[in-house]
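For reference, work.pdb (PDB, C-alpha atoms):
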ATOM      1  CA  MET A   1      37.800 179.686  -8.121  1.00  0.00           C
ATOM      2  CA  THR A   2      34.966 179.387  -5.666  1.00  0.00           C
ATOM      3  CA  HIS A   3      31.855 177.258  -5.985  1.00  0.00           C
ATOM      4  CA  GLN A   4      29.718 180.415  -6.116  1.00  0.00           C
ATOM      5  CA  LYS A   5      31.716 181.857  -9.013  1.00  0.00           C
ATOM      6  CA  HIS A   6      31.523 178.568 -10.909  1.00  0.00           C
ATOM      7  CA  LEU A   7      27.785 178.353 -10.297  1.00  0.00           C
ATOM      8  CA  PHE A   8      27.300 181.924 -11.514  1.00  0.00           C
ATOM      9  CA  LEU A   9      29.357 181.293 -14.663  1.00  0.00           C
ATOM     10  CA  ILE A  10      27.607 178.047 -15.568  1.00  0.00           C
ATOM     11  CA  VAL A  11      24.124 179.516 -15.019  1.00  0.00           C
ATOM     12  CA  LEU A  12      25.059 182.512 -17.166  1.00  0.00           C
ATOM     13  CA  PHE A  13      26.460 180.217 -19.849  1.00  0.00           C
ATOM     14  CA  THR A  14      23.313 178.076 -19.751  1.00  0.00           C
ATOM     15  CA  GLY A  15      21.193 181.192 -20.303  1.00  0.00           C
ATOM     16  CA  VAL A  16      23.275 182.051 -23.368  1.00  0.00           C
ATOM     17  CA  VAL A  17      22.903 178.511 -24.727  1.00  0.00           C
ATOM     18  CA  GLU A  18      19.136 178.607 -24.129  1.00  0.00           C
ATOM     19  CA  LEU A  19      18.939 181.867 -26.109  1.00  0.00           C
ATOM     20  CA  LEU A  20      21.055 180.332 -28.863  1.00  0.00           C
ATOM     21  CA  PHE A  21      18.634 177.409 -29.102  1.00  0.00           C
ATOM     22  CA  TYR A  22      15.633 179.707 -29.076  1.00  0.00           C
ATOM     23  CA  PHE A  23      16.931 181.805 -31.964  1.00  0.00           C
ATOM     24  CA  SER A  24      18.185 178.821 -33.939  1.00  0.00           C
ATOM     25  CA  LYS A  25      14.781 177.166 -33.584  1.00  0.00           C
ATOM     26  CA  GLN A  26      13.167 180.306 -34.993  1.00  0.00           C
ATOM     27  CA  LEU A  27      15.503 180.203 -38.011  1.00  0.00           C
ATOM     28  CA  THR A  28      15.202 176.573 -39.034  1.00  0.00           C
ATOM     29  CA  SER A  29      12.472 173.976 -39.248  1.00  0.00           C
ATOM     30  CA  GLN A  30      14.926 171.123 -38.601  1.00  0.00           C
ATOM     31  CA  LEU A  31      14.639 171.769 -34.871  1.00  0.00           C
ATOM     32  CA  ASN A  32      10.978 170.819 -34.780  1.00  0.00           C
ATOM     33  CA  THR A  33      11.071 169.571 -31.205  1.00  0.00           C
ATOM     34  CA  ASN A  34      10.243 171.329 -27.976  1.00  0.00           C
ATOM     35  CA  HIS A  35      12.644 169.069 -26.119  1.00  0.00           C
ATOM     36  CA  ILE A  36      15.782 170.997 -27.097  1.00  0.00           C
ATOM     37  CA  TYR A  37      15.230 173.412 -24.225  1.00  0.00           C
ATOM     38  CA  ILE A  38      15.914 170.679 -21.669  1.00  0.00           C
ATOM     39  CA  ILE A  39      19.374 169.993 -23.099  1.00  0.00           C
ATOM     40  CA  PRO A  40      21.062 172.998 -21.428  1.00  0.00           C
ATOM     41  CA  VAL A  41      19.292 172.143 -18.164  1.00  0.00           C
ATOM     42  CA  PHE A  42      20.750 168.625 -18.353  1.00  0.00           C
ATOM     43  CA  PHE A  43      24.232 170.027 -18.897  1.00  0.00           C
ATOM     44  CA  LEU A  44      23.695 172.645 -16.181  1.00  0.00           C
ATOM     45  CA  LEU A  45      22.942 169.939 -13.613  1.00  0.00           C
ATOM     46  CA  LEU A  46      25.823 167.821 -14.864  1.00  0.00           C
ATOM     47  CA  GLY A  47      28.111 170.851 -14.798  1.00  0.00           C
ATOM     48  CA  VAL A  48      27.198 171.807 -11.245  1.00  0.00           C
ATOM     49  CA  VAL A  49      27.873 168.294  -9.962  1.00  0.00           C
ATOM     50  CA  SER A  50      31.087 167.884 -11.955  1.00  0.00           C
ATOM     51  CA  GLY A  51      32.192 171.391 -10.980  1.00  0.00           C
ATOM     52  CA  PHE A  52      31.876 170.441  -7.332  1.00  0.00           C
ATOM     53  CA  PHE A  53      34.273 167.519  -7.773  1.00  0.00           C
ATOM     54  CA  LEU A  54      36.654 169.470 -10.003  1.00  0.00           C
ATOM     55  CA  LEU A  55      36.857 172.406  -7.600  1.00  0.00           C
ATOM     56  CA  LYS A  56      37.364 170.010  -4.720  1.00  0.00           C
ATOM     57  CA  SER A  57      40.277 168.390  -6.566  1.00  0.00           C
ATOM     58  CA  LEU A  58      41.849 171.811  -7.163  1.00  0.00           C
ATOM     59  CA  THR A  59      42.205 172.314  -3.421  1.00  0.00           C
ATOM     60  CA  SER A  60      44.438 169.246  -3.111  1.00  0.00           C
ATOM     61  CA  ASN A  61      47.335 171.140  -4.785  1.00  0.00           C
ATOM     62  CA  SER A  62      48.105 168.082  -6.870  1.00  0.00           C
ATOM     63  CA  ALA A  63      47.984 168.451 -10.632  1.00  0.00           C
ATOM     64  CA  SER A  64      47.593 164.713 -11.138  1.00  0.00           C
ATOM     65  CA  SER A  65      44.575 164.696  -8.841  1.00  0.00           C
ATOM     66  CA  PHE A  66      42.847 167.337 -10.944  1.00  0.00           C
ATOM     67  CA  VAL A  67      43.656 165.523 -14.184  1.00  0.00           C
ATOM     68  CA  ARG A  68      42.280 162.233 -12.827  1.00  0.00           C
ATOM     69  CA  VAL A  69      39.070 163.901 -11.644  1.00  0.00           C
ATOM     70  CA  PHE A  70      38.694 165.835 -14.912  1.00  0.00           C
ATOM     71  CA  MET A  71      39.065 162.638 -16.937  1.00  0.00           C
ATOM     72  CA  ALA A  72      36.609 160.774 -14.692  1.00  0.00           C
ATOM     73  CA  VAL A  73      34.084 163.620 -14.961  1.00  0.00           C
ATOM     74  CA  SER A  74      34.509 163.658 -18.746  1.00  0.00           C
ATOM     75  CA  VAL A  75      33.874 159.908 -18.985  1.00  0.00           C
ATOM     76  CA  VAL A  76      30.758 160.151 -16.796  1.00  0.00           C
ATOM     77  CA  ARG A  77      29.506 163.089 -18.879  1.00  0.00           C
ATOM     78  CA  MET A  78      30.119 161.157 -22.104  1.00  0.00           C
ATOM     79  CA  PHE A  79      28.240 158.048 -20.955  1.00  0.00           C
ATOM     80  CA  ALA A  80      25.383 160.058 -19.445  1.00  0.00           C
ATOM     81  CA  SER A  81      25.067 161.962 -22.718  1.00  0.00           C
ATOM     82  CA  LEU A  82      25.126 158.753 -24.719  1.00  0.00           C
ATOM     83  CA  ALA A  83      22.381 157.319 -22.492  1.00  0.00           C
ATOM     84  CA  VAL A  84      20.203 160.410 -22.995  1.00  0.00           C
ATOM     85  CA  ILE A  85      20.613 160.307 -26.778  1.00  0.00           C
ATOM     86  CA  ILE A  86      19.815 156.580 -26.923  1.00  0.00           C
ATOM     87  CA  LEU A  87      16.723 157.032 -24.748  1.00  0.00           C
ATOM     88  CA  TYR A  88      15.584 159.918 -26.907  1.00  0.00           C
ATOM     89  CA  LEU A  89      16.092 157.860 -30.065  1.00  0.00           C
ATOM     90  CA  VAL A  90      13.984 155.066 -28.598  1.00  0.00           C
ATOM     91  CA  PHE A  91      11.073 157.246 -27.470  1.00  0.00           C
ATOM     92  CA  PHE A  92      11.032 160.110 -30.011  1.00  0.00           C
ATOM     93  CA  LYS A  93      12.197 158.761 -33.362  1.00  0.00           C
ATOM     94  CA  THR A  94      10.582 161.452 -35.477  1.00  0.00           C
ATOM     95  CA  THR A  95      12.426 164.370 -33.895  1.00  0.00           C
ATOM     96  CA  ALA A  96      15.650 162.557 -33.031  1.00  0.00           C
ATOM     97  CA  LEU A  97      17.850 164.187 -35.680  1.00  0.00           C
ATOM     98  CA  GLY A  98      17.328 167.782 -34.555  1.00  0.00           C
ATOM     99  CA  PHE A  99      17.607 166.811 -30.902  1.00  0.00           C
ATOM    100  CA  SER A 100      20.803 164.833 -31.491  1.00  0.00           C
ATOM    101  CA  ILE A 101      22.436 167.688 -33.379  1.00  0.00           C
ATOM    102  CA  CYS A 102      21.569 170.180 -30.622  1.00  0.00           C
ATOM    103  CA  PHE A 103      22.718 167.733 -27.983  1.00  0.00           C
ATOM    104  CA  LEU A 104      26.065 167.199 -29.703  1.00  0.00           C
ATOM    105  CA  VAL A 105      26.586 170.951 -30.085  1.00  0.00           C
ATOM    106  CA  SER A 106      25.745 171.421 -26.402  1.00  0.00           C
ATOM    107  CA  TYR A 107      28.097 168.641 -25.377  1.00  0.00           C
ATOM    108  CA  PHE A 108      31.015 170.356 -27.090  1.00  0.00           C
ATOM    109  CA  LEU A 109      30.006 173.825 -25.876  1.00  0.00           C
ATOM    110  CA  TYR A 110      29.895 172.699 -22.248  1.00  0.00           C
ATOM    111  CA  LEU A 111      33.136 170.751 -22.653  1.00  0.00           C
ATOM    112  CA  LEU A 112      34.779 173.897 -24.002  1.00  0.00           C
ATOM    113  CA  PHE A 113      33.229 175.879 -21.139  1.00  0.00           C
ATOM    114  CA  ASP A 114      34.790 173.524 -18.583  1.00  0.00           C
ATOM    115  CA  ILE A 115      38.191 173.704 -20.250  1.00  0.00           C
ATOM    116  CA  VAL A 116      38.153 177.503 -20.346  1.00  0.00           C
ATOM    117  CA  VAL A 117      36.764 177.975 -16.822  1.00  0.00           C
ATOM    118  CA  PHE A 118      39.075 175.497 -15.134  1.00  0.00           C
ATOM    119  CA  SER A 119      42.148 176.754 -16.952  1.00  0.00           C
ATOM    120  CA  MET A 120      41.555 180.305 -15.601  1.00  0.00           C
ATOM    121  CA  LYS A 121      43.807 181.279 -12.719  1.00  0.00           C
ATOM    122  CA  ASN A 122      41.150 182.967 -10.545  1.00  0.00           C
TER     123      ASN A 122
END

This structure in structure tokens:
Amino acid sequence: MTHQKHLFLIVLFTGVVELLFYFSKQLTSQLNTNHIYIIPVFFLLLGVVSGFFLLKSLTSNSASSFVRVFMAVSVVRMFASLAVIILYLVFFKTTALGFSICFLVSYFLYLLFDIVVFSMKN
């Protein structure tokens, strides 16, 4: 897979997630924060950077290299996500529940996206 194809796929996926958040916000009052729209942007930026390292490790033709990089990227993503949620809880206590739920859903969606995209042959 090329960097351009990965970038196209992650931008397309981010657009779908943004639409999902938009429609879910229209359906429920629990998501009473305007900050949920920045969540996919956060994961887009994280995905582009992590995708660069993952695609670079795929060129080494070593399966163990890819696994090490994938695990390292996953750990960085987990701690960055934890930091964002903690900061949000500190600064926006009243809307933290809806934001945290959307953030957790996004975390798993983007993790699933990475697994599917990087397990594809082309």

Report as a PyMOL selection string the residues that result from applying the PyMOL selection byres ((chain A and resi 55) around 9) to the structure here.
chain A and resi 1-3+6+50-54+56-59+66+118

Which residues match the PyMOL selection byres ((chain A and resi 85-100) around 9) in the file above, as a ChimeraX atom specification?
/A:30-33,35-36,39,80-84,101-105

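CA of Leu7 (chain A) lies 6.6 Å from CA of Val48 (chain A).
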
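In this structure, CA of Val17 (chain A) sits 19.8 Å away from CA of Ser74 (chain A).
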
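What the PyMOL selection byres ((chain A and resi 11) around 10) grabs from this file is Lys5, His6, Leu7, Phe8, Leu9, Ile10, Leu12, Phe13, Thr14, Gly15, Val16, Val17, Pro40, Val41, Leu44, Leu45, Gly47 and Val48 of chain A.
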
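As for CA of Val49 (chain A) and CA of Leu20 (chain A), they are spaced 23.4 Å apart.
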